[in-house]
Structures are given as structure tokens and as C-alpha cells.
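File shown here: target-v5.txt, holding compact mmCIF, C-alpha atoms.
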```txt
# COMPACT_ATOMS: atom_id res chain seq x y z
CA MET A 176 -16.26 -1.82 15.56
CA PRO A 177 -14.29 -2.67 12.40
CA ARG A 178 -13.28 0.24 10.19
CA ARG A 179 -13.86 0.36 6.47
CA LEU A 180 -10.68 -0.15 4.40
CA TRP A 181 -10.68 1.14 0.84
CA VAL A 182 -8.22 -0.87 -1.28
CA GLU A 183 -6.76 0.30 -4.58
CA ARG A 184 -4.46 -1.50 -7.02
CA TRP A 185 -2.57 0.97 -9.21
CA GLY A 186 -0.52 -1.44 -11.31
CA ARG A 187 2.98 -0.31 -12.26
CA VAL A 188 3.35 3.43 -11.64
CA PRO A 189 6.49 5.64 -11.70
CA TYR A 190 7.55 6.54 -8.18
CA ALA A 191 7.17 10.32 -8.51
CA GLU A 192 3.64 9.94 -9.85
CA ALA A 193 2.66 7.57 -7.05
CA LEU A 194 4.16 9.93 -4.47
CA ALA A 195 2.07 12.82 -5.76
CA ARG A 196 -1.12 10.73 -5.64
CA GLN A 197 -0.24 9.54 -2.17
CA ASP A 198 0.24 13.10 -0.92
CA ARG A 199 -3.19 14.00 -2.27
CA TYR A 200 -4.73 11.03 -0.49
CA VAL A 201 -3.15 12.11 2.81
CA LEU A 202 -4.80 15.53 2.49
CA GLU A 203 -8.14 13.90 1.67
CA ARG A 204 -7.88 11.52 4.63
CA ARG A 205 -7.02 14.35 7.01
CA ALA A 206 -10.03 16.30 5.74
CA GLY A 207 -12.32 13.30 6.18
CA GLN A 208 -12.92 13.08 2.45
CA ARG A 209 -11.82 9.45 2.15
CA PRO A 210 -11.78 6.41 4.44
CA ASP A 211 -8.67 4.53 5.54
CA THR A 212 -7.03 3.43 2.30
CA LEU A 213 -4.50 0.77 1.34
CA VAL A 214 -2.78 1.39 -1.99
CA LEU A 215 -0.93 -1.52 -3.59
CA VAL A 216 1.44 -0.65 -6.40
CA GLU A 217 4.50 -1.78 -8.32
CA HIS A 218 7.25 0.63 -9.38
CA PRO A 219 9.79 0.68 -12.19
CA HIS A 220 13.39 0.53 -11.00
CA VAL A 221 13.97 3.26 -8.42
CA ILE A 222 16.14 3.89 -5.37
CA THR A 223 14.51 6.01 -2.68
CA LEU A 224 16.31 7.98 0.03
CA GLY A 225 14.55 8.19 3.38
CA THR A 226 14.99 10.97 5.90
CA GLY A 227 17.85 9.05 7.52
CA ALA A 228 19.58 8.09 4.26
CA ARG A 229 23.33 8.31 3.80
CA ARG A 230 24.35 9.01 0.21
CA GLU A 231 27.28 6.59 0.45
CA HIS A 232 24.76 3.77 0.79
CA VAL A 233 24.04 4.26 -2.92
CA LEU A 234 26.93 2.33 -4.42
CA LEU A 235 26.64 3.44 -8.06
CA SER A 236 27.29 6.81 -9.67
CA ALA A 237 24.47 8.86 -11.12
CA GLU A 238 25.72 7.98 -14.59
CA GLU A 239 25.72 4.26 -13.87
CA LEU A 240 22.25 4.41 -12.34
CA ALA A 241 20.98 6.15 -15.47
CA ARG A 242 22.68 3.58 -17.70
CA ARG A 243 20.90 0.79 -15.81
CA GLY A 244 17.55 2.58 -15.92
CA ILE A 245 17.36 3.19 -12.15
CA GLU A 246 15.87 6.46 -10.92
CA LEU A 247 16.94 8.10 -7.66
CA HIS A 248 14.37 9.89 -5.49
CA PRO A 249 14.50 11.54 -2.05
CA THR A 250 11.32 10.86 -0.10
CA GLY A 251 9.70 11.86 3.17
CA ARG A 252 9.53 8.44 4.77
CA GLY A 253 11.74 7.38 7.63
CA GLY A 254 14.67 5.05 7.15
CA ASP A 255 17.67 4.82 4.88
CA VAL A 256 18.09 3.66 1.27
CA THR A 257 15.60 1.29 -0.36
CA TYR A 258 15.18 -0.22 -3.82
CA HIS A 259 11.82 -0.67 -5.55
CA GLY A 260 11.27 -2.45 -8.84
CA PRO A 261 9.25 -4.91 -10.89
CA GLY A 262 8.11 -7.99 -9.02
CA GLN A 263 7.89 -6.14 -5.72
CA LEU A 264 4.56 -5.44 -4.01
CA VAL A 265 4.63 -1.95 -2.47
CA GLY A 266 1.93 -0.97 0.02
CA TYR A 267 1.00 2.57 1.02
CA PRO A 268 -1.50 2.62 3.90
CA ILE A 269 -3.17 6.02 4.26
CA LEU A 270 -4.68 5.61 7.72
CA ASP A 271 -5.96 7.83 10.49
CA LEU A 272 -4.40 6.33 13.62
CA LYS A 273 -6.65 8.31 15.94
CA PRO A 274 -8.00 7.70 18.48
CA ASP A 275 -6.52 4.41 19.67
CA ARG A 276 -3.42 3.75 17.52
CA CYS A 277 -1.34 6.89 18.12
CA ASP A 278 1.86 4.92 18.66
CA LEU A 279 4.44 4.86 15.87
CA HIS A 280 6.32 1.84 17.19
CA ALA A 281 3.12 -0.16 17.58
CA TYR A 282 2.15 0.79 14.02
CA LEU A 283 5.48 -0.49 12.67
CA ARG A 284 5.05 -3.76 14.53
CA ASP A 285 1.52 -4.08 13.11
CA LEU A 286 2.82 -3.68 9.56
CA GLU A 287 5.42 -6.35 10.24
CA GLU A 288 2.68 -8.62 11.58
CA VAL A 289 0.62 -8.13 8.41
CA LEU A 290 3.48 -9.32 6.24
CA ILE A 291 4.47 -12.17 8.55
CA ARG A 292 0.90 -13.51 8.45
CA ALA A 293 0.61 -13.11 4.69
CA LEU A 294 3.91 -14.94 4.15
CA GLU A 295 2.92 -17.71 6.54
CA GLY A 296 0.02 -18.49 4.23
CA PHE A 297 2.51 -19.33 1.46
CA GLY A 298 4.67 -21.47 3.72
CA VAL A 299 7.37 -18.82 4.14
CA ALA A 300 8.67 -18.67 7.72
CA ALA A 301 9.17 -14.95 8.33
CA LYS A 302 10.08 -13.13 11.51
CA ARG A 303 11.18 -9.89 13.11
CA VAL A 304 14.80 -9.19 14.03
CA PRO A 305 15.20 -7.38 17.38
CA GLY A 306 16.36 -3.82 16.91
CA LEU A 307 15.64 -3.73 13.17
CA THR A 308 12.51 -2.73 11.28
CA GLY A 309 11.23 -5.01 8.53
CA VAL A 310 10.53 -8.68 7.94
CA TRP A 311 13.16 -11.37 7.60
CA THR A 312 13.69 -15.05 6.83
CA ALA A 313 16.72 -17.22 7.45
CA ARG A 314 18.05 -16.10 4.03
CA GLY A 315 17.67 -12.36 4.58
CA LYS A 316 15.31 -9.42 4.43
CA ILE A 317 12.14 -10.09 2.49
CA ALA A 318 10.26 -6.87 3.23
CA ALA A 319 11.35 -3.32 4.01
CA ILE A 320 9.21 -0.87 5.99
CA GLY A 321 9.52 2.90 6.01
CA VAL A 322 6.66 5.14 7.06
CA ARG A 323 5.67 8.71 7.65
CA VAL A 324 3.11 9.90 10.18
CA SER A 325 2.07 13.48 9.49
CA SER A 326 0.01 15.95 11.50
CA GLY A 327 -3.28 14.53 12.66
CA TRP A 328 -1.73 11.03 12.87
CA ILE A 329 -2.25 10.29 9.18
CA THR A 330 0.10 7.64 7.82
CA SER A 331 1.77 7.38 4.43
CA HIS A 332 4.51 5.37 2.72
CA GLY A 333 4.63 1.82 4.08
CA PHE A 334 6.17 -1.48 3.00
CA ALA A 335 7.89 -3.19 0.07
CA LEU A 336 7.57 -6.98 -0.16
CA ASN A 337 9.88 -8.84 -2.53
CA VAL A 338 7.77 -11.30 -4.51
CA THR A 339 9.64 -12.08 -7.76
CA THR A 340 12.03 -9.14 -7.49
CA ASP A 341 15.37 -9.39 -9.32
CA LEU A 342 17.55 -9.33 -6.22
CA ALA A 343 20.64 -8.35 -8.21
CA TYR A 344 19.38 -4.76 -8.21
CA PHE A 345 19.93 -4.59 -4.45
CA GLY A 346 23.64 -4.66 -5.28
CA ALA A 347 23.29 -0.98 -6.18
CA ILE A 348 22.71 -0.03 -2.54
CA VAL A 349 23.37 -0.94 1.06
CA PRO A 350 19.77 -1.98 1.74
CA CYS A 351 18.39 0.08 4.64
CA GLY A 352 21.99 0.83 5.61
CA ILE A 353 22.55 -2.75 6.82
CA ARG A 354 25.74 -4.25 5.41
CA ASP A 355 25.84 -7.68 7.02
CA ARG A 356 22.48 -9.15 5.97
CA GLY A 357 21.22 -10.29 2.60
CA VAL A 358 17.89 -9.91 0.84
CA THR A 359 15.44 -12.52 -0.38
CA SER A 360 12.04 -12.86 -2.05
CA ILE A 361 9.03 -15.15 -1.92
CA ALA A 362 10.12 -16.75 -5.20
CA GLU A 363 13.61 -17.30 -3.80
CA GLU A 364 12.19 -18.87 -0.64
CA LEU A 365 9.80 -21.19 -2.46
CA GLY A 366 11.87 -21.93 -5.53
CA ARG A 367 9.05 -21.00 -7.90
CA PRO A 368 7.48 -17.85 -9.34
CA MET A 369 4.60 -16.15 -7.58
CA SER A 370 1.78 -13.95 -8.82
CA LEU A 371 1.66 -10.39 -7.48
CA GLU A 372 -2.12 -10.65 -7.54
CA GLU A 373 -2.10 -13.73 -5.32
CA VAL A 374 0.28 -12.11 -2.86
CA ALA A 375 -1.71 -8.86 -2.89
CA ALA A 376 -4.88 -10.73 -1.94
CA ALA A 377 -3.10 -12.38 0.99
CA VAL A 378 -1.69 -9.04 2.16
CA VAL A 379 -5.12 -7.39 2.03
CA ALA A 380 -6.63 -10.21 4.08
CA ALA A 381 -3.85 -10.05 6.68
CA PHE A 382 -4.03 -6.25 6.80
CA ALA A 383 -7.76 -6.36 7.48
CA GLU A 384 -7.22 -8.91 10.23
CA VAL A 385 -4.43 -7.05 12.01
CA PHE A 386 -6.05 -3.62 11.72
CA HIS A 387 -9.58 -4.88 12.48
CA ALA A 388 -10.90 -3.52 9.19
CA VAL A 389 -13.39 -4.58 6.55
CA PRO A 390 -11.90 -4.31 3.03
CA ASP A 391 -14.14 -2.74 0.42
CA VAL A 392 -14.29 -5.58 -2.09
CA ALA A 393 -15.55 -3.32 -4.87
CA ALA A 394 -12.47 -1.13 -4.46
CA SER A 395 -9.99 -3.97 -4.64
CA SER A 396 -10.02 -3.94 -8.44
CA VAL A 397 -9.70 -0.17 -8.86
CA ALA A 398 -6.93 0.94 -11.20
CA VAL A 399 -6.18 4.66 -11.00
CA ALA A 400 -5.35 6.18 -14.38
```
What would you get if you wrote out this structure as C-alpha cells?
Amino acid sequence: MPRRLWVERWGRVPYAEALARQDRYVLERRAGQRPDTLVLVEHPHVITLGTGARREHVLLSAEELARRGIELHPTGRGGDVTYHGPGQLVGYPILDLKPDRCDLHAYLRDLEEVLIRALEGFGVAAKRVPGLTGVWTARGKIAAIGVRVSSGWITSHGFALNVTTDLAYFGAIVPCGIRDRGVTSIAEELGRPMSLEEVAAAVVAAFAEVFHAVPDVAASSVAVA
């Protein structure tokens, strides 16, 4: 039987604020006080450090990051160093994987599948790369994935899909610790700008399909103040 999926759009929210909200949602999901939830958000310029991050993969000094208006935040997700910024669609699924999805690797592959299907709808040929997490095109990495699964098999963190992202900001890091591959965006692939709203709708549809869920249409327009 399909699960209910509560969808929220938060607009552009500072990373620390979104992290605090997300932590609260995890507690509520674990307590059964909210259904499975997909949060879609955009962040101001920020570099996040996953649990496997190496500081040398941030290529700029703290002073230079501040001069460029880029925040630096440690975070509890897996993975290395990631950049978030305007024009990037960030998704935070807060899901209870019990009883039949208690498999971290399968969950990562499902998130990749969501993004591959959404991109296919725009004519972007995306794929997995064996041994690496994320979604790629012939030009480079178009979406990063870094998740956390806490006690009770409740998920948090998620994916970052480059839509109209200024790719020059990735020059501040070694993206996900991978030195020999580039990054790309939907706009770069198609040669034209894209609407975050249009891409968000495609991601929600693909997410519901892959996770056998029914999105709550009324929730899709929620903006959390």
C-alpha cells in the first residue's frame, strides 16, 4: 500500500536554520508525530563537511571564504565536502525506512534513481558511476548525495541537484573528495535556464514513483517561516 508523503518547500533558508528544522522533523518522525516528509530547499552559499570530510578538500582559507560570502558548516551526513548555493535544489527526505527498506545501500540507489528519472524528463541523460555515490552525466557530477540514518531507521540529509547553480563556486572545494571529475548542472546540459519550481515538481513525482508514495498535494506549497 502506498505511503503518504508530506512535501514542503522552504524557499531559500540558511543552512544552520534548515539543519535545526530538519533535526526537529527527525524527532517528530521517530515519535510518529509526522508522516514521511520530503523537504525541498535552496541555501545561500555554504560548504558542508560530512563525517568523512578532509579539511584539505576545502581549497580556500577561512578569510577568503568569508570575503566571498561562503559559510562553512560541519554536518552529520555521510560523505566528504559539498557545496550548496543558489540555483541548487536540495532535498531532505525524513523517512522511516522500517519495515521493508532497512538497507542503506539500497536507499542510496533509490535516491539516485529518483534524480535519474527526474532528469530524464528534461532530456538530460544521467547515470550512476560504479563505486561512487551520486548522479552523473558525460560532463560531470550533476547531483551529490549524502545521507544520515539515525536510530529507528529514520533518514535525514539527502541530495543536492544542480539546476542553475554557478559552477564556479565548486572551485572552492574538491567536490566529494573526487579530484578527476567535473561538475555540471541542468542549465549547463540543456544550454538554457531552468526553473527550480519545474525541477522540484519533477523530483517530487519521481520520488513518489520510486518510493511508492502518494504526495500530499496540499503540502507541496507549504513555506515554513
### Task
Would you please work out which residue, of A:Val201, A:Ile348, A:Ala318, A:Val324, is nearest to Val221 in chain A when using all atoms listed in the file?
A:Ile348
### Query
Got a sec: who's within 8 Å of His259 in chain A, counting only C-alpha atoms, leaving out chain neighbours fewer than 4 positions off, as a ChimeraX atom specification?
/A:217-223,263,265,335
### Task
List the neighbours of Glu287 in chain A out to 9 Å using all atoms listed in the file; skip same-chain residues closer than 3 positions along the sequence, and give me the result as a list in words.
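Once the adjacent positions are removed, what remains is Tyr282, Leu283, Arg284, Leu290, Ile291, Arg292, Lys302, Arg303, Thr308, Gly309, Val310, Ala318, Ile320 and Phe334 of chain A.
One finds CA of Gly225 in chain A at 28.5 Å from CA of Glu384 in chain A.
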### Message
Every residue with an atom at most 12 Å from (1.8, -15.2, -10.9) (file coordinates; all atoms listed in the file) is what I'm after, so could you write them as an MDAnalysis selection string?
### Response
chainID A and resid 262 338:339 361:362 367:375
### Task
Can you work out the spacing between CA of Arg205 in chain A and CA of Gly327 in chain A in Å, to one decimal?
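Here the two named atoms are 6.8 Å from each other.
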#### Entry: Atom pair CA of Arg323 in chain A / CA of Gly253 in chain A: separation (Å)
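Computed distance, CA of Arg323 in chain A to CA of Gly253 in chain A, equals 6.2 Å.
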Centre and size of axis-aligned box enclosing range 342-348 of chain A plus 8 Å each side, as JSON:
```
{"center_x": 20.6, "center_y": -4.7, "center_z": -5.4, "size_x": 22.1, "size_y": 25.3, "size_z": 21.7}
```
### Task
Using only C-alpha atoms, collect all residues at a distance of at most 12 Å from (-0.9, 11.7, 0.0) as written in the file, then present them as number ranges by chain.
A: 191-206, 209, 211-214, 251-252, 267-270, 323-325, 329-332
### Nearest residue to Arg314 in chain A from the set A:Ala237, A:Val299, A:Leu264, A:Val289 (distances using only C-alpha atoms)
A:Val299
### Query
Pick from A:Trp328, A:Pro189, A:Glu231, A:Ser360: nearest to Asp278 in chain A, with all atoms listed in the file counted?
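Looking at the shortest contact to Asp278 in chain A, the residue is A:Trp328.
Residue nearest Gly321 in chain A within the list A:Pro261, A:Gly207, A:Gly244, A:Gly333: A:Gly333 [criterion: smallest interatomic distance, only C-alpha atoms].
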### Message
Set the distance at 7 Å and use all atoms listed in the file: which residues neighbour Pro210 in chain A once local chain neighbours fewer than 5 positions away are removed? I'd like the list as a PyMOL selection string.
### Response
chain A and resi 179-181+204
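Using all atoms listed in the file, the protein and nucleic acid residues lying no more than 10 Å from Ser236 in chain A, apart from those fewer than 5 places from it along its own chain, are Ala241, Arg242 and Ala347 of chain A.
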Any chance you could export the current selection's C-alpha atoms as a CSV table (one decimal), in the frame of the given file?
```csv
chain,number,residue,atom,x,y,z
A,241,ALA,CA,21.0,6.2,-15.5
A,242,ARG,CA,22.7,3.6,-17.7
A,347,ALA,CA,23.3,-1.0,-6.2
```
Incomplete range 261-285 of chain A filled out to N, CA and C atoms as a PDB file, in the coordinates of the input:
```pdb
ATOM      1  N   PRO A 261      10.207  -3.900 -10.440  1.00  0.00           N
ATOM      2  CA  PRO A 261       9.250  -4.910 -10.890  1.00  0.00           C
ATOM      3  C   PRO A 261       9.328  -6.177 -10.058  1.00  0.00           C
ATOM      4  N   GLY A 262       8.165  -6.772  -9.818  1.00  0.00           N
ATOM      5  CA  GLY A 262       8.110  -7.990  -9.020  1.00  0.00           C
ATOM      6  C   GLY A 262       8.063  -7.752  -7.531  1.00  0.00           C
ATOM      7  N   GLN A 263       7.968  -6.493  -7.133  1.00  0.00           N
ATOM      8  CA  GLN A 263       7.890  -6.140  -5.720  1.00  0.00           C
ATOM      9  C   GLN A 263       6.525  -5.517  -5.438  1.00  0.00           C
ATOM     10  N   LEU A 264       5.859  -5.986  -4.401  1.00  0.00           N
ATOM     11  CA  LEU A 264       4.560  -5.440  -4.010  1.00  0.00           C
ATOM     12  C   LEU A 264       4.793  -4.345  -2.977  1.00  0.00           C
ATOM     13  N   VAL A 265       4.445  -3.105  -3.352  1.00  0.00           N
ATOM     14  CA  VAL A 265       4.630  -1.950  -2.470  1.00  0.00           C
ATOM     15  C   VAL A 265       3.257  -1.546  -1.924  1.00  0.00           C
ATOM     16  N   GLY A 266       3.182  -1.346  -0.617  1.00  0.00           N
ATOM     17  CA  GLY A 266       1.930  -0.970   0.020  1.00  0.00           C
ATOM     18  C   GLY A 266       2.031   0.384   0.692  1.00  0.00           C
ATOM     19  N   TYR A 267       1.066   1.251   0.403  1.00  0.00           N
ATOM     20  CA  TYR A 267       1.000   2.570   1.020  1.00  0.00           C
ATOM     21  C   TYR A 267      -0.312   2.685   1.801  1.00  0.00           C
ATOM     22  N   PRO A 268      -0.299   2.416   3.093  1.00  0.00           N
ATOM     23  CA  PRO A 268      -1.500   2.620   3.900  1.00  0.00           C
ATOM     24  C   PRO A 268      -1.675   4.102   4.239  1.00  0.00           C
ATOM     25  N   ILE A 269      -2.825   4.637   3.902  1.00  0.00           N
ATOM     26  CA  ILE A 269      -3.170   6.020   4.260  1.00  0.00           C
ATOM     27  C   ILE A 269      -4.241   5.907   5.344  1.00  0.00           C
ATOM     28  N   LEU A 270      -3.806   5.912   6.586  1.00  0.00           N
ATOM     29  CA  LEU A 270      -4.680   5.610   7.720  1.00  0.00           C
ATOM     30  C   LEU A 270      -4.722   6.786   8.688  1.00  0.00           C
ATOM     31  N   ASP A 271      -5.850   6.928   9.348  1.00  0.00           N
ATOM     32  CA  ASP A 271      -5.960   7.830  10.490  1.00  0.00           C
ATOM     33  C   ASP A 271      -5.792   6.972  11.742  1.00  0.00           C
ATOM     34  N   LEU A 272      -4.686   7.163  12.448  1.00  0.00           N
ATOM     35  CA  LEU A 272      -4.400   6.330  13.620  1.00  0.00           C
ATOM     36  C   LEU A 272      -5.172   6.754  14.860  1.00  0.00           C
ATOM     37  N   LYS A 273      -5.847   7.879  14.789  1.00  0.00           N
ATOM     38  CA  LYS A 273      -6.650   8.310  15.940  1.00  0.00           C
ATOM     39  C   LYS A 273      -7.915   7.452  16.039  1.00  0.00           C
ATOM     40  N   PRO A 274      -8.473   7.177  17.195  1.00  0.00           N
ATOM     41  CA  PRO A 274      -8.000   7.700  18.480  1.00  0.00           C
ATOM     42  C   PRO A 274      -7.123   6.722  19.246  1.00  0.00           C
ATOM     43  N   ASP A 275      -7.090   5.443  18.810  1.00  0.00           N
ATOM     44  CA  ASP A 275      -6.520   4.410  19.670  1.00  0.00           C
ATOM     45  C   ASP A 275      -5.233   3.799  19.149  1.00  0.00           C
ATOM     46  N   ARG A 276      -4.653   4.332  18.070  1.00  0.00           N
ATOM     47  CA  ARG A 276      -3.420   3.750  17.520  1.00  0.00           C
ATOM     48  C   ARG A 276      -2.314   4.783  17.383  1.00  0.00           C
ATOM     49  N   CYS A 277      -2.327   5.806  18.221  1.00  0.00           N
ATOM     50  CA  CYS A 277      -1.340   6.890  18.120  1.00  0.00           C
ATOM     51  C   CYS A 277      -0.017   6.475  18.756  1.00  0.00           C
ATOM     52  N   ASP A 278       0.605   5.480  18.157  1.00  0.00           N
ATOM     53  CA  ASP A 278       1.860   4.920  18.660  1.00  0.00           C
ATOM     54  C   ASP A 278       2.649   4.438  17.452  1.00  0.00           C
ATOM     55  N   LEU A 279       3.682   5.174  17.073  1.00  0.00           N
ATOM     56  CA  LEU A 279       4.440   4.860  15.870  1.00  0.00           C
ATOM     57  C   LEU A 279       5.069   3.477  15.938  1.00  0.00           C
ATOM     58  N   HIS A 280       5.654   3.135  17.071  1.00  0.00           N
ATOM     59  CA  HIS A 280       6.320   1.840  17.190  1.00  0.00           C
ATOM     60  C   HIS A 280       5.311   0.695  17.085  1.00  0.00           C
ATOM     61  N   ALA A 281       4.160   0.853  17.685  1.00  0.00           N
ATOM     62  CA  ALA A 281       3.120  -0.160  17.580  1.00  0.00           C
ATOM     63  C   ALA A 281       2.656  -0.299  16.127  1.00  0.00           C
ATOM     64  N   TYR A 282       2.561   0.826  15.421  1.00  0.00           N
ATOM     65  CA  TYR A 282       2.150   0.790  14.020  1.00  0.00           C
ATOM     66  C   TYR A 282       3.162   0.014  13.176  1.00  0.00           C
ATOM     67  N   LEU A 283       4.454   0.253  13.395  1.00  0.00           N
ATOM     68  CA  LEU A 283       5.480  -0.490  12.670  1.00  0.00           C
ATOM     69  C   LEU A 283       5.390  -1.986  12.933  1.00  0.00           C
ATOM     70  N   ARG A 284       5.177  -2.352  14.199  1.00  0.00           N
ATOM     71  CA  ARG A 284       5.050  -3.760  14.530  1.00  0.00           C
ATOM     72  C   ARG A 284       3.810  -4.373  13.874  1.00  0.00           C
ATOM     73  N   ASP A 285       2.736  -3.581  13.766  1.00  0.00           N
ATOM     74  CA  ASP A 285       1.520  -4.080  13.110  1.00  0.00           C
ATOM     75  C   ASP A 285       1.769  -4.338  11.627  1.00  0.00           C
TER      76      ASP A 285
END
```
